[in-house]
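A.B. asks: This one is input-v8.tsv, TSV, C-alpha atoms.
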chain	number	residue	atom	x	y	z
A	297	MET	CA	-23.14	13.56	10.68
A	298	GLU	CA	-21.82	14.47	14.15
A	299	LYS	CA	-23.00	11.66	16.33
A	300	ASN	CA	-19.83	11.36	18.33
A	301	ASN	CA	-16.54	12.54	17.05
A	302	ARG	CA	-14.11	11.32	19.64
A	303	ALA	CA	-11.62	8.49	19.79
A	304	THR	CA	-9.63	7.17	22.73
A	305	ILE	CA	-6.58	4.97	22.43
A	306	VAL	CA	-4.84	3.31	25.35
A	307	LEU	CA	-1.22	2.51	24.61
A	308	MET	CA	0.21	0.11	27.15
A	309	SER	CA	2.99	-1.47	25.16
A	310	GLY	CA	6.36	0.10	24.47
A	311	ASP	CA	7.16	-2.30	21.65
A	312	PHE	CA	7.95	-0.82	18.29
A	313	ASP	CA	5.17	-2.66	16.41
A	314	HIS	CA	2.49	-1.79	18.96
A	315	VAL	CA	3.51	1.86	19.15
A	316	PHE	CA	3.49	1.94	15.36
A	317	ALA	CA	-0.09	0.61	15.34
A	318	ALA	CA	-1.25	3.11	17.96
A	319	PHE	CA	0.32	6.04	16.09
A	320	THR	CA	-1.14	4.89	12.77
A	321	ILE	CA	-4.65	4.62	14.21
A	322	ALA	CA	-4.29	7.97	15.96
A	323	ILE	CA	-3.23	9.67	12.73
A	324	ALA	CA	-6.19	8.11	10.93
A	325	THR	CA	-8.75	9.19	13.55
A	326	LEU	CA	-7.20	12.68	13.77
A	327	SER	CA	-7.24	12.95	9.99
A	328	ALA	CA	-10.91	12.02	10.02
A	329	GLY	CA	-11.47	15.04	12.22
A	330	MET	CA	-11.97	13.06	15.41
A	331	ASP	CA	-10.90	14.52	18.73
A	332	THR	CA	-8.32	11.91	19.68
A	333	THR	CA	-6.85	11.13	23.08
A	334	LEU	CA	-3.87	8.85	23.49
A	335	PHE	CA	-3.69	7.59	27.06
A	336	ILE	CA	-0.22	6.20	27.62
A	337	THR	CA	0.53	3.78	30.39
A	338	PHE	CA	3.29	1.48	31.63
A	339	TRP	CA	5.78	0.49	28.90
A	340	GLY	CA	3.97	2.80	26.49
A	341	ILE	CA	5.50	5.73	28.39
A	342	LYS	CA	8.63	5.10	26.33
A	343	ALA	CA	6.81	6.53	23.33
A	344	ILE	CA	6.64	9.95	25.01
A	345	GLN	CA	9.93	9.90	26.92
A	346	LYS	CA	12.68	12.30	26.01
A	347	GLY	CA	15.12	9.45	26.35
A	348	ASN	CA	17.12	10.53	29.37
A	349	LEU	CA	17.92	8.29	32.31
A	350	THR	CA	15.18	8.12	34.90
A	351	GLY	CA	14.60	6.82	38.41
A	352	GLN	CA	15.54	8.04	41.87
A	353	GLY	CA	15.81	5.03	44.14
A	354	PHE	CA	18.08	2.03	43.50
A	355	PHE	CA	15.48	-0.05	41.65
A	356	GLY	CA	14.19	3.01	39.83
A	357	LYS	CA	17.70	3.82	38.63
A	358	MET	CA	18.27	0.22	37.56
A	359	LEU	CA	15.01	0.25	35.63
A	360	GLY	CA	15.87	3.60	34.10
A	361	LEU	CA	19.24	2.24	32.99
A	362	ILE	CA	17.90	-0.98	31.51
A	363	ASN	CA	14.93	0.78	29.94
A	364	ARG	CA	16.80	3.90	28.84
A	365	GLY	CA	16.15	5.76	25.65
A	366	GLY	CA	12.99	6.95	23.98
A	367	LEU	CA	11.12	6.41	20.78
A	368	ASP	CA	14.26	5.89	18.69
A	369	VAL	CA	15.49	2.84	20.54
A	370	ILE	CA	12.40	0.71	21.02
A	371	GLY	CA	12.43	-2.74	19.47
A	372	PRO	CA	9.70	-4.99	18.06
A	373	SER	CA	7.79	-7.40	20.33
A	374	LYS	CA	9.16	-10.36	18.39
A	375	PHE	CA	12.51	-11.00	16.73
A	376	ASN	CA	14.40	-8.18	18.38
A	377	PHE	CA	17.52	-10.30	18.97
A	378	GLY	CA	19.19	-7.67	21.11
A	379	GLY	CA	18.61	-4.81	18.70
A	380	ILE	CA	19.24	-6.55	15.38
A	381	GLY	CA	15.50	-6.87	14.81
A	382	ARG	CA	14.98	-3.20	15.48
A	383	TRP	CA	17.70	-2.29	12.99
A	384	MET	CA	16.21	-4.67	10.40
A	385	PHE	CA	12.67	-3.35	10.79
A	386	LYS	CA	13.86	0.24	10.61
A	387	LYS	CA	15.82	-0.50	7.47
A	388	MET	CA	12.92	-2.39	5.85
A	389	MET	CA	10.53	0.43	6.64
A	390	LYS	CA	12.95	3.03	5.34
A	391	ASP	CA	13.42	1.08	2.11
A	392	LYS	CA	9.66	0.98	1.66
A	393	ARG	CA	9.46	4.65	2.59
A	394	VAL	CA	7.18	4.04	5.54
A	395	VAL	CA	7.57	6.94	7.94
A	396	GLN	CA	9.53	6.49	11.15
A	397	LEU	CA	8.02	6.75	14.63
A	398	PRO	CA	9.41	10.20	15.55
A	399	GLU	CA	7.93	11.68	12.38
A	400	MET	CA	4.61	9.97	13.08
A	401	ARG	CA	4.58	11.35	16.61
A	402	GLN	CA	5.17	14.86	15.25
A	403	THR	CA	2.34	14.39	12.73
A	404	MET	CA	-0.05	13.39	15.52
A	405	ILE	CA	0.98	16.45	17.50
A	406	ASP	CA	0.50	18.69	14.47
A	407	LEU	CA	-2.99	17.24	13.98
A	408	GLY	CA	-3.84	18.05	17.61
A	409	VAL	CA	-3.64	14.77	19.52
A	410	HIS	CA	-4.19	14.90	23.29
A	411	LEU	CA	-1.35	13.02	24.97
A	412	LEU	CA	-2.09	11.89	28.51
A	413	ALA	CA	0.34	9.94	30.67
A	414	CYS	CA	-0.66	7.54	33.44
A	415	LYS	CA	0.26	8.84	36.87
A	416	THR	CA	0.62	5.46	38.56
A	417	SER	CA	2.92	4.06	35.89
A	418	MET	CA	5.14	7.10	36.19
A	419	ASP	CA	5.25	6.80	39.98
A	420	VAL	CA	6.07	3.11	39.89
A	421	MET	CA	8.75	3.50	37.24
A	422	GLU	CA	10.01	6.74	38.82
A	423	ILE	CA	9.60	8.79	35.70
A	424	LYS	CA	9.20	12.56	36.22
A	425	ARG	CA	7.22	15.07	34.17
A	426	GLU	CA	10.51	16.54	32.90
A	427	ASP	CA	11.42	13.14	31.48
A	428	LEU	CA	8.47	13.34	29.09
A	429	ILE	CA	8.18	15.43	25.93
A	430	ASP	CA	6.65	18.88	26.45
A	431	GLU	CA	3.58	18.11	24.33
A	432	VAL	CA	2.14	15.78	26.98
A	433	GLU	CA	-1.01	17.59	28.14
A	434	GLY	CA	-1.46	15.97	31.48
A	435	ILE	CA	-0.49	13.31	33.98
A	436	VAL	CA	-3.78	11.67	34.84
A	437	GLY	CA	-5.40	8.67	36.47
A	438	ALA	CA	-7.66	5.90	35.25
A	439	ALA	CA	-10.84	7.85	36.04
A	440	THR	CA	-9.90	10.56	33.55
A	441	MET	CA	-9.27	7.95	30.90
A	442	VAL	CA	-12.59	6.22	31.69
A	443	GLU	CA	-14.42	9.53	31.41
A	444	ASN	CA	-12.75	10.12	28.06
A	445	ALA	CA	-13.55	6.63	26.87
A	446	SER	CA	-17.19	6.88	27.91
A	447	LYS	CA	-17.55	9.93	25.67
A	448	SER	CA	-15.80	8.27	22.75
A	449	GLU	CA	-17.47	6.28	20.06
A	450	VAL	CA	-14.25	4.59	19.11
A	451	HIS	CA	-11.89	3.01	21.57
A	452	PHE	CA	-8.69	1.04	21.11
A	453	PHE	CA	-6.44	-0.75	23.58
A	454	ILE	CA	-2.96	-1.56	22.39
B	1160	MET	CA	-12.02	13.45	-16.54
B	1161	GLU	CA	-11.63	17.22	-16.63
B	1162	ILE	CA	-11.15	18.37	-13.08
B	1163	LYS	CA	-9.23	21.49	-12.23
B	1164	ALA	CA	-7.57	21.23	-8.84
B	1165	ASP	CA	-6.84	24.22	-6.63
B	1166	LEU	CA	-4.05	22.39	-4.83
B	1167	VAL	CA	-1.98	19.32	-5.67
B	1168	GLN	CA	-0.66	17.02	-2.96
B	1169	ASP	CA	2.26	14.82	-3.95
B	1170	SER	CA	1.90	11.62	-1.96
B	1171	VAL	CA	3.68	9.36	-4.43
B	1172	GLY	CA	5.87	6.98	-2.45
B	1173	GLN	CA	4.05	7.59	0.82
B	1174	MET	CA	2.34	4.76	2.64
B	1175	CYS	CA	-0.60	4.58	5.02
B	1176	PRO	CA	-1.38	6.68	7.00
B	1177	MET	CA	0.61	9.59	5.60
B	1178	PRO	CA	-1.41	10.35	2.42
B	1179	ILE	CA	-4.49	10.74	4.64
B	1180	ALA	CA	-2.61	12.78	7.23
B	1181	TYR	CA	-1.47	15.24	4.55
B	1182	LEU	CA	-4.95	15.21	3.01
B	1183	ALA	CA	-6.43	16.27	6.36
B	1184	LYS	CA	-3.72	18.90	6.85
B	1185	ASN	CA	-4.17	20.35	3.37
B	1186	MET	CA	-7.95	20.48	3.61
B	1187	ARG	CA	-7.64	22.66	6.70
B	1188	THR	CA	-5.93	25.33	4.63
B	1189	MET	CA	-8.55	25.25	1.85
B	1190	GLU	CA	-11.89	26.99	1.33
B	1191	VAL	CA	-15.24	25.26	0.87
B	1192	GLY	CA	-15.75	24.50	-2.80
B	1193	GLN	CA	-12.06	24.11	-3.60
B	1194	ILE	CA	-10.66	20.90	-5.01
B	1195	LEU	CA	-7.60	18.99	-3.83
B	1196	GLU	CA	-5.78	16.57	-6.10
B	1197	ILE	CA	-3.88	13.81	-4.31
B	1198	ASP	CA	-1.27	11.97	-6.35
B	1199	ALA	CA	-0.70	8.62	-4.67
B	1200	ASP	CA	0.60	5.16	-5.50
B	1201	ASP	CA	-0.33	3.50	-2.21
B	1202	GLU	CA	-2.92	0.84	-2.94
B	1203	GLY	CA	-4.67	1.59	0.32
B	1204	ALA	CA	-5.50	5.06	-0.97
B	1205	HIS	CA	-8.19	3.59	-3.25
B	1206	SER	CA	-10.32	2.74	-0.25
B	1207	ASP	CA	-8.85	5.19	2.28
B	1208	ILE	CA	-9.53	8.43	0.42
B	1209	PRO	CA	-13.25	7.70	-0.29
B	1210	ALA	CA	-13.58	6.42	3.33
B	1211	TRP	CA	-12.05	9.63	4.64
B	1212	CYS	CA	-14.49	11.65	2.50
B	1213	ASN	CA	-17.42	9.63	3.82
B	1214	GLN	CA	-16.45	10.15	7.39
B	1215	THR	CA	-15.69	13.85	7.11
B	1216	ASN	CA	-18.59	14.65	4.75
B	1217	ASN	CA	-16.36	15.90	1.99
B	1218	GLU	CA	-17.02	14.95	-1.59
B	1219	PHE	CA	-14.96	12.34	-3.43
B	1220	LEU	CA	-15.03	13.38	-7.06
B	1221	GLY	CA	-13.23	10.38	-8.52
B	1222	LYS	CA	-9.82	9.15	-9.58
B	1223	GLU	CA	-7.73	9.07	-12.70
B	1224	ASP	CA	-5.04	6.59	-13.73
B	1225	ALA	CA	-1.83	8.50	-14.34
B	1226	GLY	CA	0.36	5.48	-15.08
B	1227	SER	CA	2.65	4.91	-12.13
B	1228	PHE	CA	0.20	6.54	-9.73
B	1229	PHE	CA	-3.43	7.61	-9.42
B	1230	LYS	CA	-4.86	11.09	-9.14
B	1231	PHE	CA	-7.63	11.35	-6.55
B	1232	PHE	CA	-9.90	14.37	-6.46
B	1233	VAL	CA	-11.58	15.61	-3.30
B	1234	LYS	CA	-13.85	18.62	-3.04
B	1235	LYS	CA	-14.04	20.42	0.26
B	1236	THR	CA	-17.72	20.66	1.15
B	1237	VAL	CA	-17.63	21.27	4.88
Have the structure of the file written as structure tokens, please.
C.D. replies:
Amino acid sequence: MEKNNRATIVLMSGDFDHVFAAFTIAIATLSAGMDTTLFITFWGIKAIQKGNLTGQGFFGKMLGLINRGGLDVIGPSKFNFGGIGRWMFKKMMKDKRVVQLPEMRQTMIDLGVHLLACKTSMDVMEIKREDLIDEVEGIVGAATMVENASKSEVHFFI
Amino acid sequence: MEIKADLVQDSVGQMCPMPIAYLAKNMRTMEVGQILEIDADDEGAHSDIPAWCNQTNNEFLGKEDAGSFFKFFVKKTV
């Protein structure tokens, strides 16, 4: 059976629906016994942020303020309407007993996901290692992700 | 169908991907040869559980209609 048992997922978006898709796929590949790496870049960083304010310089602080919060506060890519969409989606998912993002993230961690954060994105957005959840295994560059991807049979970009 | 399960997983009310996540978690705690019963009402489970078995080389023994949900039986073979 073992041809190649690895999966790599690049999560670039920080939108609720995209993060939900990435987490769902990661849980499925992990459940199938695949060694799964989630490489998180740019807006996706929100999915692994603790939720505190970030940024050092003026623009960094502004960005940190506008983009504050972590997994709990992200909205959908469409129909957010200043947070109403997020509330509606959360409620609809709860009513249908679909799990919420924080629980999904914990499930991925329990199943042994490798969380890698993109160094450049963090530098640009002035996000520090301490701003990310402890389970993040490394702050890496594109070459690491490419090496991972080249060894993976399955690859997703979200 | 007369299948005696060693462990029962209650996934009634759960939606994709959670029944599979718990299936994978439970199988880790079990011995080769043991049987896990998954009670699920998610329609996706009908294709997801056999697909999971295929991919992980475990044996899908079959399913049983229990009214409001289905019982799926998986034997740990690896």
A.B. asks: Could you work out how far CA of Ile341 in chain A lies from CA of Ala438 in chain A, giving the answer in Å with one decimal?
C.D. replies: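 One can read the CA of Ala438 in chain A to CA of Ile341 in chain A distance as 14.8 Å.
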A.B. asks: Kindly give the distance, in Å, that separates CA of Gln1193 in chain B and CA of Val1237 in chain B, rounded to a single decimal.
C.D. replies: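 Separating CA of Gln1193 in chain B from CA of Val1237 in chain B is a distance of 10.5 Å.
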A.B. asks: Neighbouring residues of Lys1235 in chain B were defined as those with any atom within 12 Å, considering only C-alpha atoms; residues of the same chain fewer than 6 positions away were excluded. Please report them as a list in words.
C.D. replies: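 The neighbour list is Ala1164, Asp1165, Leu1166, Leu1182, Ala1183, Asn1185, Met1186, Arg1187, Thr1188, Met1189, Glu1190, Val1191, Gly1192, Gln1193, Ile1194, Leu1195, Glu1196, Trp1211, Cys1212, Asn1213, Thr1215, Asn1216, Asn1217, Glu1218, Phe1219 and Leu1220 of chain B.
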A.B. asks: Given the choices A:Lys386, A:Lys374, A:Arg393, A:Lys415, which gets closest to chain B if the distance is worked out from all atoms listed in the file?
C.D. replies: A:Arg393
A.B. asks: I need the chain B residues near chain A as a PyMOL selection string; criterion: at most 7 Å, counting all atoms listed in the file.
C.D. replies: chain B and resi 1172-1174+1176+1179-1180+1183+1211+1214-1215
A.B. asks: What is the distance, in Å and to one decimal place, between CA of Pro398 in chain A and CA of Phe1231 in chain B?
C.D. replies: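 Separation of CA of Pro398 in chain A and CA of Phe1231 in chain B: 27.9 Å.
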A.B. asks: Neighbours of Ala1225 in chain B within 12 Å (all atoms listed in the file; same-chain residues fewer than 6 positions away dropped), as a PyMOL selection string?
C.D. replies: chain B and resi 1160+1171+1197-1200+1231
A.B. asks: Using only C-alpha atoms, can you tell me which of A:Asp331, A:Asp311, A:Asp427, A:Asp419 comes closest to Gly347 in chain A?
C.D. replies: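 Using only C-alpha atoms, the shortest distance to Gly347 in chain A belongs to A:Asp427.
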A.B. asks: Tell me which protein, DNA and RNA residues are within 6 Å of Ile305 in chain A, counting all atoms listed in the file, leaving out same-chain ones fewer than 4 positions away, and put them as a PyMOL selection string.
C.D. replies: chain A and resi 334+451-453
A.B. asks: Using only C-alpha atoms, which residues sit within 6 Å of range 354-367 of chain A once same-chain residues fewer than 5 positions away are excluded, as a PyMOL selection string?
C.D. replies: chain A and resi 342-343+345-347+349+422
